[in-house]
Structures are given as structure tokens and as C-alpha cells.
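Raw entry10.cif, mmCIF, C-alpha atoms and all ligand atoms:
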```cif
data_protein
#
loop_
_atom_site.group_PDB
_atom_site.id
_atom_site.type_symbol
_atom_site.label_atom_id
_atom_site.label_comp_id
_atom_site.auth_asym_id
_atom_site.auth_seq_id
_atom_site.Cartn_x
_atom_site.Cartn_y
_atom_site.Cartn_z
ATOM 1 C CA MET A 1 -8.371 25.417 51.233
ATOM 2 C CA GLN A 2 -8.206 23.166 48.164
ATOM 3 C CA LYS A 3 -7.672 19.482 48.892
ATOM 4 C CA GLN A 4 -4.393 18.168 47.511
ATOM 5 C CA PHE A 5 -4.728 15.498 44.850
ATOM 6 C CA LYS A 6 -3.463 12.078 45.914
ATOM 7 C CA HIS A 7 -1.495 10.532 43.034
ATOM 8 C CA LYS A 8 -2.320 6.914 42.231
ATOM 9 C CA LYS A 9 0.486 4.608 41.303
ATOM 10 C CA GLN A 10 -1.833 2.096 39.635
ATOM 11 C CA PHE A 11 -2.819 4.749 37.066
ATOM 12 C CA GLY A 12 0.780 5.760 36.324
ATOM 13 C CA GLN A 13 0.153 9.221 37.713
ATOM 14 C CA ASN A 14 3.436 11.106 37.383
ATOM 15 C CA PHE A 15 2.446 14.628 36.450
ATOM 16 C CA LEU A 16 4.667 16.958 34.455
ATOM 17 C CA GLN A 17 5.769 19.925 36.532
ATOM 18 C CA ASP A 18 8.374 21.527 34.339
ATOM 19 C CA LYS A 19 6.959 24.442 32.357
ATOM 20 C CA ALA A 20 9.903 24.499 29.941
ATOM 21 C CA ILE A 21 9.254 20.870 29.010
ATOM 22 C CA LEU A 22 5.535 21.460 28.589
ATOM 23 C CA ASN A 23 6.376 24.341 26.231
ATOM 24 C CA ARG A 24 8.828 22.157 24.356
ATOM 25 C CA ILE A 25 6.127 19.508 23.813
ATOM 26 C CA ILE A 26 3.908 22.154 22.242
ATOM 27 C CA ALA A 27 6.789 23.504 20.137
ATOM 28 C CA VAL A 28 7.659 20.130 18.597
ATOM 29 C CA SER A 29 4.105 18.813 18.230
ATOM 30 C CA ASP A 30 3.332 21.035 15.283
ATOM 31 C CA ILE A 31 -0.206 21.915 16.422
ATOM 32 C CA SER A 32 -2.177 24.696 14.856
ATOM 33 C CA LYS A 33 -5.607 26.254 15.315
ATOM 34 C CA GLU A 34 -6.830 23.905 12.571
ATOM 35 C CA ASP A 35 -6.086 20.801 14.628
ATOM 36 C CA SER A 36 -8.246 18.591 16.803
ATOM 37 C CA VAL A 37 -6.087 17.043 19.499
ATOM 38 C CA LEU A 38 -6.641 13.927 21.560
ATOM 39 C CA GLU A 39 -4.922 13.935 24.940
ATOM 40 C CA ILE A 40 -4.742 10.580 26.703
ATOM 41 C CA GLY A 41 -4.509 10.976 30.478
ATOM 42 C CA PRO A 42 -4.715 14.749 31.091
ATOM 43 C CA GLY A 43 -4.073 14.350 34.829
ATOM 44 C CA GLU A 44 -4.619 17.750 36.429
ATOM 45 C CA GLY A 45 -4.462 19.404 33.022
ATOM 46 C CA ALA A 46 -0.996 20.970 32.859
ATOM 47 C CA LEU A 47 -0.515 20.016 29.210
ATOM 48 C CA THR A 48 -4.226 20.480 28.457
ATOM 49 C CA GLU A 49 -3.960 24.200 29.189
ATOM 50 C CA LEU A 50 -1.271 24.681 26.543
ATOM 51 C CA LEU A 51 -3.054 22.407 24.067
ATOM 52 C CA LEU A 52 -6.213 24.515 24.429
ATOM 53 C CA GLU A 53 -4.226 27.662 23.687
ATOM 54 C CA ASN A 54 -2.784 26.182 20.515
ATOM 55 C CA ALA A 55 -5.363 23.807 18.986
ATOM 56 C CA LYS A 56 -8.897 24.181 17.640
ATOM 57 C CA LYS A 57 -10.302 21.462 19.860
ATOM 58 C CA VAL A 58 -8.928 19.244 22.641
ATOM 59 C CA THR A 59 -10.571 15.962 23.605
ATOM 60 C CA CYS A 60 -9.213 14.497 26.812
ATOM 61 C CA ILE A 61 -9.709 10.941 27.919
ATOM 62 C CA GLU A 62 -9.109 10.228 31.577
ATOM 63 C CA VAL A 63 -9.855 7.113 33.641
ATOM 64 C CA ASP A 64 -9.501 8.476 37.195
ATOM 65 C CA ARG A 65 -12.872 9.773 38.453
ATOM 66 C CA ASP A 66 -11.069 11.857 41.094
ATOM 67 C CA LEU A 67 -9.661 14.050 38.340
ATOM 68 C CA GLU A 68 -13.003 14.778 36.673
ATOM 69 C CA LYS A 69 -14.010 17.645 38.978
ATOM 70 C CA ILE A 70 -10.538 19.214 38.866
ATOM 71 C CA LEU A 71 -10.514 19.177 35.052
ATOM 72 C CA LEU A 72 -14.095 20.420 34.713
ATOM 73 C CA GLU A 73 -13.491 23.270 37.168
ATOM 74 C CA LYS A 74 -10.517 24.387 35.124
ATOM 75 C CA TYR A 75 -11.756 23.982 31.562
ATOM 76 C CA SER A 76 -15.492 23.282 31.257
ATOM 77 C CA GLU A 77 -16.108 26.931 30.278
ATOM 78 C CA ASN A 78 -13.760 26.587 27.337
ATOM 79 C CA SER A 79 -15.851 25.517 24.329
ATOM 80 C CA SER A 80 -12.827 23.816 22.726
ATOM 81 C CA PHE A 81 -12.516 21.408 25.654
ATOM 82 C CA ARG A 82 -14.158 17.993 25.810
ATOM 83 C CA LEU A 83 -13.661 15.388 28.507
ATOM 84 C CA ILE A 84 -14.392 11.687 28.158
ATOM 85 C CA MET A 85 -14.133 9.798 31.440
ATOM 86 C CA LYS A 86 -13.098 6.333 30.357
ATOM 87 C CA ASP A 87 -10.285 3.834 30.010
ATOM 88 C CA VAL A 88 -8.579 4.814 26.750
ATOM 89 C CA LEU A 89 -8.313 1.139 25.789
ATOM 90 C CA GLN A 90 -12.141 1.001 25.756
ATOM 91 C CA LEU A 91 -12.488 4.111 23.606
ATOM 92 C CA ASP A 92 -14.578 3.613 20.473
ATOM 93 C CA PHE A 93 -12.965 5.950 17.942
ATOM 94 C CA LYS A 94 -15.812 5.751 15.455
ATOM 95 C CA GLU A 95 -18.499 6.467 18.064
ATOM 96 C CA GLU A 96 -16.672 8.901 20.304
ATOM 97 C CA ILE A 97 -14.052 10.635 18.183
ATOM 98 C CA ASN A 98 -15.103 10.258 14.551
ATOM 99 C CA GLU A 99 -12.662 12.832 13.157
ATOM 100 C CA LYS A 100 -8.946 13.050 12.420
ATOM 101 C CA VAL A 101 -6.985 13.871 15.555
ATOM 102 C CA LYS A 102 -3.403 14.520 16.482
ATOM 103 C CA VAL A 103 -2.537 12.658 19.645
ATOM 104 C CA VAL A 104 -0.420 14.680 22.068
ATOM 105 C CA ALA A 105 -0.001 13.126 25.483
ATOM 106 C CA ASN A 106 2.056 12.182 28.465
ATOM 107 C CA ILE A 107 0.570 8.708 28.579
ATOM 108 C CA PRO A 108 0.388 6.236 31.490
ATOM 109 C CA TYR A 109 3.504 4.092 30.969
ATOM 110 C CA TYR A 110 2.003 0.839 32.287
ATOM 111 C CA ILE A 111 -0.065 0.552 29.098
ATOM 112 C CA THR A 112 2.368 2.034 26.561
ATOM 113 C CA SER A 113 2.235 -0.852 24.046
ATOM 114 C CA PRO A 114 -1.556 -1.333 24.239
ATOM 115 C CA ILE A 115 -2.047 2.430 23.698
ATOM 116 C CA ILE A 116 0.253 2.454 20.659
ATOM 117 C CA GLN A 117 -1.514 -0.638 19.268
ATOM 118 C CA LYS A 118 -4.900 0.980 19.865
ATOM 119 C CA LEU A 119 -3.862 4.142 18.009
ATOM 120 C CA ILE A 120 -2.440 2.129 15.122
ATOM 121 C CA VAL A 121 -5.592 -0.001 14.833
ATOM 122 C CA ASN A 122 -7.599 3.234 14.708
ATOM 123 C CA ARG A 123 -5.180 4.965 12.324
ATOM 124 C CA GLU A 124 -8.031 6.073 10.105
ATOM 125 C CA PHE A 125 -8.756 8.668 12.852
ATOM 126 C CA VAL A 126 -5.164 9.386 13.852
ATOM 127 C CA GLU A 127 -2.960 11.856 12.024
ATOM 128 C CA ASP A 128 0.235 11.931 14.023
ATOM 129 C CA ILE A 129 1.137 10.648 17.448
ATOM 130 C CA TYR A 130 3.285 12.668 19.873
ATOM 131 C CA ILE A 131 3.730 10.850 23.150
ATOM 132 C CA MET A 132 5.882 10.806 26.225
ATOM 133 C CA ILE A 133 6.992 7.301 27.130
ATOM 134 C CA GLN A 134 9.693 5.563 29.148
ATOM 135 C CA LYS A 135 13.164 6.306 27.741
ATOM 136 C CA GLU A 136 14.112 2.630 27.222
ATOM 137 C CA VAL A 137 10.864 1.898 25.387
ATOM 138 C CA ALA A 138 11.380 4.966 23.191
ATOM 139 C CA GLU A 139 14.859 3.732 22.310
ATOM 140 C CA ARG A 140 13.457 0.310 21.425
ATOM 141 C CA ILE A 141 10.698 1.706 19.234
ATOM 142 C CA THR A 142 13.020 4.051 17.338
ATOM 143 C CA ALA A 143 16.068 1.737 17.089
ATOM 144 C CA LYS A 144 17.253 1.508 13.506
ATOM 145 C CA SER A 145 19.754 -1.305 13.879
ATOM 146 C CA SER A 146 20.753 -2.691 17.228
ATOM 147 C CA LYS A 147 19.921 -5.227 19.914
ATOM 148 C CA LYS A 148 17.148 -2.869 20.984
ATOM 149 C CA ARG A 149 15.027 -3.773 17.968
ATOM 150 C CA SER A 150 11.986 -5.914 18.810
ATOM 151 C CA VAL A 151 8.519 -6.890 17.611
ATOM 152 C CA LEU A 152 7.333 -3.507 18.922
ATOM 153 C CA THR A 153 9.866 -1.677 16.709
ATOM 154 C CA LEU A 154 8.627 -3.515 13.638
ATOM 155 C CA SER A 155 4.957 -3.104 14.602
ATOM 156 C CA VAL A 156 5.457 0.645 14.499
ATOM 157 C CA GLU A 157 7.647 0.624 11.369
ATOM 158 C CA TYR A 158 5.119 -1.462 9.453
ATOM 159 C CA PHE A 159 2.477 1.261 9.867
ATOM 160 C CA GLY A 160 4.582 4.397 10.085
ATOM 161 C CA GLU A 161 7.767 6.036 11.205
ATOM 162 C CA ALA A 162 8.987 6.704 14.712
ATOM 163 C CA GLU A 163 11.355 9.439 15.792
ATOM 164 C CA LEU A 164 12.836 10.199 19.208
ATOM 165 C CA LEU A 165 12.452 13.942 19.701
ATOM 166 C CA PHE A 166 13.988 14.609 23.127
ATOM 167 C CA TYR A 167 14.700 13.154 26.566
ATOM 168 C CA ILE A 168 13.126 14.242 29.850
ATOM 169 C CA PRO A 169 14.721 13.555 33.244
ATOM 170 C CA LYS A 170 12.597 11.929 35.966
ATOM 171 C CA GLU A 171 12.901 15.075 38.109
ATOM 172 C CA ALA A 172 10.555 16.890 35.711
ATOM 173 C CA PHE A 173 7.618 14.910 37.151
ATOM 174 C CA PHE A 174 5.749 14.804 40.428
ATOM 175 C CA PRO A 175 5.886 12.325 41.990
ATOM 176 C CA SER A 176 9.201 11.554 40.377
ATOM 177 C CA PRO A 177 9.106 8.119 38.685
ATOM 178 C CA LYS A 178 11.959 5.571 38.774
ATOM 179 C CA VAL A 179 12.653 5.926 35.056
ATOM 180 C CA ASP A 180 13.642 8.701 32.655
ATOM 181 C CA SER A 181 11.382 9.573 29.750
ATOM 182 C CA ALA A 182 11.501 10.507 26.103
ATOM 183 C CA PHE A 183 9.112 12.317 23.799
ATOM 184 C CA ILE A 184 8.556 10.594 20.481
ATOM 185 C CA LYS A 185 6.674 11.144 17.264
ATOM 186 C CA ILE A 186 5.009 8.360 15.304
ATOM 187 C CA SER A 187 3.779 9.386 11.883
ATOM 188 C CA ILE A 188 1.322 7.060 10.235
ATOM 189 C CA ASP A 189 2.196 5.989 6.704
ATOM 190 C CA LYS A 190 -0.836 7.142 4.740
ATOM 191 C CA LYS A 191 0.298 5.275 1.635
ATOM 192 C CA ASN A 192 0.364 1.873 3.385
ATOM 193 C CA LYS A 193 3.693 1.160 1.706
ATOM 194 C CA TYR A 194 4.420 -2.094 3.545
ATOM 195 C CA GLU A 195 0.839 -3.350 3.773
ATOM 196 C CA LYS A 196 0.769 -3.303 -0.014
ATOM 197 C CA LEU A 197 3.789 -5.624 -0.154
ATOM 198 C CA VAL A 198 2.960 -8.107 2.632
ATOM 199 C CA ASN A 199 -0.370 -8.283 4.433
ATOM 200 C CA GLU A 200 -0.532 -7.600 8.163
ATOM 201 C CA LYS A 201 -1.282 -11.166 9.275
ATOM 202 C CA THR A 202 1.576 -12.647 7.264
ATOM 203 C CA PHE A 203 4.004 -9.912 8.341
ATOM 204 C CA PHE A 204 3.388 -10.467 12.043
ATOM 205 C CA LYS A 205 3.425 -14.246 11.736
ATOM 206 C CA TYR A 206 7.034 -14.077 10.456
ATOM 207 C CA VAL A 207 8.166 -11.208 12.686
ATOM 208 C CA LYS A 208 6.890 -12.851 15.875
ATOM 209 C CA ALA A 209 8.476 -16.176 14.949
ATOM 210 C CA SER A 210 11.782 -14.447 14.087
ATOM 211 C CA PHE A 211 11.976 -12.759 17.494
ATOM 212 C CA ALA A 212 10.643 -15.733 19.492
ATOM 213 C CA ASN A 213 14.099 -16.487 20.853
ATOM 214 C CA LYS A 214 16.382 -13.454 20.606
ATOM 215 C CA ARG A 215 19.526 -15.531 21.053
ATOM 216 C CA LYS A 216 18.715 -17.760 18.080
ATOM 217 C CA ASN A 217 19.502 -16.823 14.494
ATOM 218 C CA ILE A 218 16.779 -16.250 11.929
ATOM 219 C CA VAL A 219 16.947 -19.779 10.507
ATOM 220 C CA ASN A 220 16.529 -21.471 13.872
ATOM 221 C CA ASN A 221 13.641 -19.214 14.805
ATOM 222 C CA LEU A 222 11.862 -19.623 11.474
ATOM 223 C CA CYS A 223 11.959 -23.435 11.776
ATOM 224 C CA SER A 224 9.052 -23.073 14.224
ATOM 225 C CA LEU A 225 6.902 -22.162 11.214
ATOM 226 C CA GLY A 226 7.533 -25.579 9.678
ATOM 227 C CA PHE A 227 10.529 -24.819 7.446
ATOM 228 C CA GLU A 228 13.177 -27.489 7.088
ATOM 229 C CA LYS A 229 16.455 -26.098 8.461
ATOM 230 C CA ASN A 230 18.868 -27.015 5.662
ATOM 231 C CA SER A 231 16.565 -26.027 2.817
ATOM 232 C CA LEU A 232 15.929 -22.719 4.557
ATOM 233 C CA LYS A 233 19.678 -22.116 4.923
ATOM 234 C CA VAL A 234 20.265 -22.803 1.247
ATOM 235 C CA LEU A 235 17.352 -20.578 0.234
ATOM 236 C CA LEU A 236 18.627 -17.641 2.281
ATOM 237 C CA GLU A 237 22.194 -18.029 1.019
ATOM 238 C CA LYS A 238 20.913 -18.141 -2.557
ATOM 239 C CA ASN A 239 19.260 -14.769 -1.877
ATOM 240 C CA ASP A 240 22.375 -13.264 -0.246
ATOM 241 C CA ILE A 241 20.903 -13.338 3.261
ATOM 242 C CA SER A 242 23.163 -14.709 5.962
ATOM 243 C CA PRO A 243 21.443 -17.625 7.785
ATOM 244 C CA ASN A 244 23.336 -16.628 10.935
ATOM 245 C CA LYS A 245 21.808 -13.174 11.056
ATOM 246 C CA ARG A 246 19.493 -12.466 13.978
ATOM 247 C CA ALA A 247 16.062 -10.849 13.688
ATOM 248 C CA GLU A 248 17.282 -7.635 15.374
ATOM 249 C CA ALA A 249 19.767 -7.064 12.514
ATOM 250 C CA PHE A 250 17.048 -6.945 9.840
ATOM 251 C CA SER A 251 15.670 -3.588 8.742
ATOM 252 C CA ILE A 252 11.969 -3.544 7.931
ATOM 253 C CA ASP A 253 12.777 -3.529 4.203
ATOM 254 C CA GLU A 254 14.985 -6.594 4.642
ATOM 255 C CA PHE A 255 12.204 -8.299 6.591
ATOM 256 C CA ILE A 256 9.683 -7.590 3.860
ATOM 257 C CA GLU A 257 12.085 -8.979 1.257
ATOM 258 C CA LEU A 258 12.723 -12.094 3.361
ATOM 259 C CA ILE A 259 8.996 -12.705 3.859
ATOM 260 C CA GLN A 260 8.326 -12.306 0.156
ATOM 261 C CA ILE A 261 11.016 -14.911 -0.624
ATOM 262 C CA LEU A 262 9.623 -17.337 1.982
ATOM 263 C CA GLU A 263 6.038 -16.859 0.864
ATOM 264 C CA ARG A 264 6.985 -17.439 -2.783
ATOM 265 C CA THR A 265 8.717 -20.675 -1.825
ATOM 266 C CA SER A 266 5.829 -21.858 0.386
ATOM 267 C CA ASN A 267 3.399 -21.296 -2.478
ATOM 268 C CA GLU A 268 5.467 -23.113 -5.105
HETATM 269 C C1 LIG A 301 1.728 10.129 33.322
HETATM 270 S S1 LIG A 301 0.180 10.776 33.861
HETATM 271 C C2 LIG A 301 0.111 12.234 32.888
HETATM 272 C C3 LIG A 301 -0.750 13.331 33.431
HETATM 273 C C4 LIG A 301 -0.686 14.675 32.708
HETATM 274 N N1 LIG A 301 -0.903 14.533 31.289
HETATM 275 C C5 LIG A 301 0.642 15.358 32.946
HETATM 276 O O1 LIG A 301 1.483 15.330 32.052
HETATM 277 O O2 LIG A 301 0.837 15.915 34.020
HETATM 278 C C6 LIG A 301 -0.948 9.647 33.094
HETATM 279 C C7 LIG A 301 -2.430 9.999 33.161
HETATM 280 O O3 LIG A 301 -3.168 8.947 32.508
HETATM 281 C C8 LIG A 301 -4.307 8.588 33.291
HETATM 282 N N2 LIG A 301 -4.640 7.192 32.973
HETATM 283 C C9 LIG A 301 -4.119 6.057 33.506
HETATM 284 N N3 LIG A 301 -4.646 4.967 32.949
HETATM 285 C C10 LIG A 301 -5.532 5.405 32.016
HETATM 286 C C11 LIG A 301 -6.408 4.754 31.115
HETATM 287 N N4 LIG A 301 -6.452 3.426 31.045
HETATM 288 N N5 LIG A 301 -7.194 5.509 30.309
HETATM 289 C C12 LIG A 301 -7.137 6.876 30.370
HETATM 290 N N6 LIG A 301 -6.323 7.553 31.211
HETATM 291 C C13 LIG A 301 -5.535 6.834 32.026
HETATM 292 C C14 LIG A 301 -3.845 8.807 34.722
HETATM 293 O O4 LIG A 301 -4.919 8.922 35.608
HETATM 294 C C15 LIG A 301 -3.016 10.093 34.557
HETATM 295 O O5 LIG A 301 -3.845 11.215 34.636
#
```
So, in terms of C-alpha cells, how does the structure I just supplied come out?
Ligand SMILES: C[S@@+](CC[C@H](N)C(=O)[O-])C[C@H]1O[C@@H](n2cnc3c(N)ncnc32)[C@H](O)[C@@H]1O
Amino acid sequence: MQKQFKHKKQFGQNFLQDKAILNRIIAVSDISKEDSVLEIGPGEGALTELLLENAKKVTCIEVDRDLEKILLEKYSENSSFRLIMKDVLQLDFKEEINEKVKVVANIPYYITSPIIQKLIVNREFVEDIYIMIQKEVAERITAKSSKKRSVLTLSVEYFGEAELLFYIPKEAFFPSPKVDSAFIKISIDKKNKYEKLVNEKTFFKYVKASFANKRKNIVNNLCSLGFEKNSLKVLLEKNDISPNKRAEAFSIDEFIELIQILERTSNE
């Protein structure tokens, strides 16, 4: 008799059980036989099976050594399947991937932000990102204008566009987690629209300072960068920006405009 796999909480192991949801992931992920797919955290390979049916090649990266044998028994005969046993955060895209991939994955939630950052940093190898994440985090990343907006929202918007595709109830997983989930798409902006207007370092310097204290307005938060409060107020009013506005109320375009104004003034 086959030994039952013991799920490990520390690896965020909540495996998808619901066939209809697995099919829906494939349906919305826009994969074709031309595509190379990267799956982060294949688990016991429920999604992997469908990815192999639909893509040209599937590279899986899994950290839990106890899953290696299970995955190899199932798929090692399939020439489209490749398994890298490693922590995804240690993956060297140039050395180990070195091609454009679509990421399709039900990722471990405990490292959601680091995974997204890692994929963005390696965007030269990443076409589109389709990932399952915690519902609340998905709502924060895709929030257009609300209290849910955060540095994470703007980090994604600066490099691409995020879209919430559908929700998944916790009962669709085994073991069932405490939180509901959502499947999102992040498309990378190949034209680097925002990077051309404000460089990455400058953008994040202002964004992080603006969100440092969510209860404070933009003027009070930006003072930490050395601006004098009254002059900053006057400058914003002159440019039709309310000094009482909070960071969460700024769209990315408004942020870019604000940063350009502040940078111009700092350089005068
Ligand atoms: C939420 S489960 C998803 C499993 C499978 N894809 C499914 O949908 O049933 C997350 C998977 O990521 C793996 N994992 C956790 N931390 C990881 C890491 N740092 N690098 C790579 N894989 C990791 C876990 O072992 C687990 O297989």
C-alpha cells in the first residue's frame, strides 16, 4: 500500500483537490503547446499533470525532498517534465531557466511577496505570471483605489498590471487552510513605461516614505525625506494635489507625476 503523504505546515502545503478549479486555472492561464511553464511548488503534481497536457515544457521547482520521489514516479517518463529540487528564492534564472517562461502556480503563501519580487527582478525570463495567493493579498495587489493599496500594489503596478481572475474557497484544498484564495494574473510591462519616467530607486524611495505611516497624509509622510512641511504644502497645492491626500488615494500615474514634481524641485 502506498504511504500517505504527510503535509507540512512550514512549507505552506495546502494541495488543490478540486478538479473543476484545476481546469479553470488552465482555462484562464492562456497556455499553448508553444509555451514553457514554470510551476513553483508542484506538491503532489495535481496542477502539473494538466500543465503537461497543455504546454510544451513544464519546469517544476519544489523544496520538499519528500515530494521528489512522488513527482518523479508520476512524470519522469514525460520528456516535457523537468524537476528542480530547490528553494525557489534561491533559483538562478539565468543558470537554471534561461528562457522565457509563463509562471503558473499555486504558490506557498508564506513567501508570496518574496516570490513576486523574485519574478519581477527576473522579468527578462518571465512572460506572464498566473498565481494562486491568499484572497486578502490578491485584493491588495489589484486594488485600484482604496485603503487596500500598499507598497506591494505599487511595486506590481510599476512593473506591470495585476488582475484578479477568480476566487477559490478554502474547502478546495487539502488540508483546508484558514484563508480563502484568489487566482491572479500579473502581466509584465514589456515597454517599461514607468521606469522610463522615474527610475526604480527613486520611485521606491518616495513610495516607501509615502506609505510609512498609513494614517498620515502625504505631506507628513514625505517630510521624512527632508522636505520642509509648509513649502511642500504650497508646492502640492500649486500643482493641484491636495496636501491632505493619503498615499493609498494616489494612482500610480499620480504618484509618478508627484515624484517628477518633487525631483524637479529638489534639483533646482
Ligand atoms: C500551496 S502548495 C501547492 C501544491 C500544488 N501545486 C497544489 O496545488 O496542489 C505549495 C507548494 O510549494 C512548496 N514550497 C514551499 N516552499 C517552497 C520554496 N521555498 N520553494 C519551492 N517550493 C516551495 C510546498 O512544498 C508545496 O508543494
Between A:Val101, A:Ala55, A:Leu258, A:Ile218, which residue has the minimum interatomic distance to A:Pro243, considering only C-alpha atoms?
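The answer is A:Ile218, which sits nearest to A:Pro243.
Shell of stretch 58-65 of chain A at 7 Å, with all atoms listed in the file counted and residues fewer than 2 places along the chain excluded, is A:Ser36, A:Val37, A:Leu38, A:Glu39, A:Ile40, A:Gly41, A:Pro42, A:Leu51, A:Leu52, A:Ala55, A:Leu67, A:Glu68, A:Ser80, A:Phe81, A:Arg82, A:Leu83, A:Ile84, A:Met85, A:Lys86, A:Asp87, A:Val88.
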Selection dump of the PyMOL selection byres (((chain A and resi 261) around 12) and not hetatm), as a list of chain:residue names:
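Checked against the file, the PyMOL selection byres (((chain A and resi 261) around 12) and not hetatm) matches A:Leu197, A:Val198, A:Tyr206, A:Leu232, A:Leu235, A:Leu236, A:Glu237, A:Lys238, A:Asn239, A:Asp240, A:Ile241, A:Glu254, A:Phe255, A:Ile256, A:Glu257, A:Leu258, A:Ile259, A:Gln260, A:Leu262, A:Glu263, A:Arg264, A:Thr265, A:Ser266, A:Asn267, A:Glu268.
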Please report, as AutoDock Vina command-line options, the centre and edge lengths in Å to one decimal of an axis-aligned box covering all listed atoms of ligand LIG 301 (chain A) with 8 Å per side.
```
--center_x -2.7 --center_y 9.7 --center_z 33.0 --size_x 24.9 --size_y 28.5 --size_z 21.3
```
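When the PyMOL selection byres (((chain A and resi 107-120) around 8) and not hetatm) is evaluated on the file shown here, the picked residues come out as Phe11, Gly12, Gln13, Ile40, Gly41, Val88, Leu89, Ala105, Asn106, Val121, Asn122, Arg123, Val126, Ile131, Met132, Ile133, Gln134, Leu152, Phe159 and Ile188 of chain A.
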Which of A:Ala27, A:Ala182, A:Leu222, A:Ala46 sits closest to A:Lys74 [using all atoms listed in the file]:
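Checking each candidate against A:Lys74, we get A:Ala46 as the closest.
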Apply the PyMOL selection byres (((chain A and resi 204) around 12) and not hetatm) to the displayed file and report the matching residues as a PyMOL selection string.
chain A and resi 150-159+194-195+198-203+205-212+252+255-256+259
Across A:Val219, A:Glu228, A:Tyr167, A:Lys144, the smallest distance to A:Lys245, with only C-alpha atoms counted, is shown by A:Val219
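Note that atom CA of A:Lys57 and atom CA of A:Asn78 are 9.7 Å apart.
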Here atom CA of A:Pro177 and atom CA of A:Phe5 stand apart by 16.8 Å
One-decimal distance in Å that lies between atom CA of A:Lys102 and atom CA of A:Ile129:
6.0 Å
Could you check which of A:Asn98, A:Pro175, A:Leu164, A:Lys148 is closest to ligand LIG 301 (chain A), using all atoms listed in the file?
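That would be A:Pro175, the residue with the smallest distance to ligand LIG 301 (chain A).
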Selected residue of minimal separation from ligand LIG 301 (chain A) among A:Arg149, A:Lys100, A:Lys170, A:Lys33, counting only C-alpha atoms and all ligand atoms
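Smallest distance to ligand LIG 301 (chain A) is found for A:Lys170.
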Which one of A:Asn213, A:Ser181, A:Gln4, A:Asn54 sits closest to ligand LIG 301 (chain A) if you count all atoms listed in the file?
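The closest residue to ligand LIG 301 (chain A) is A:Ser181.
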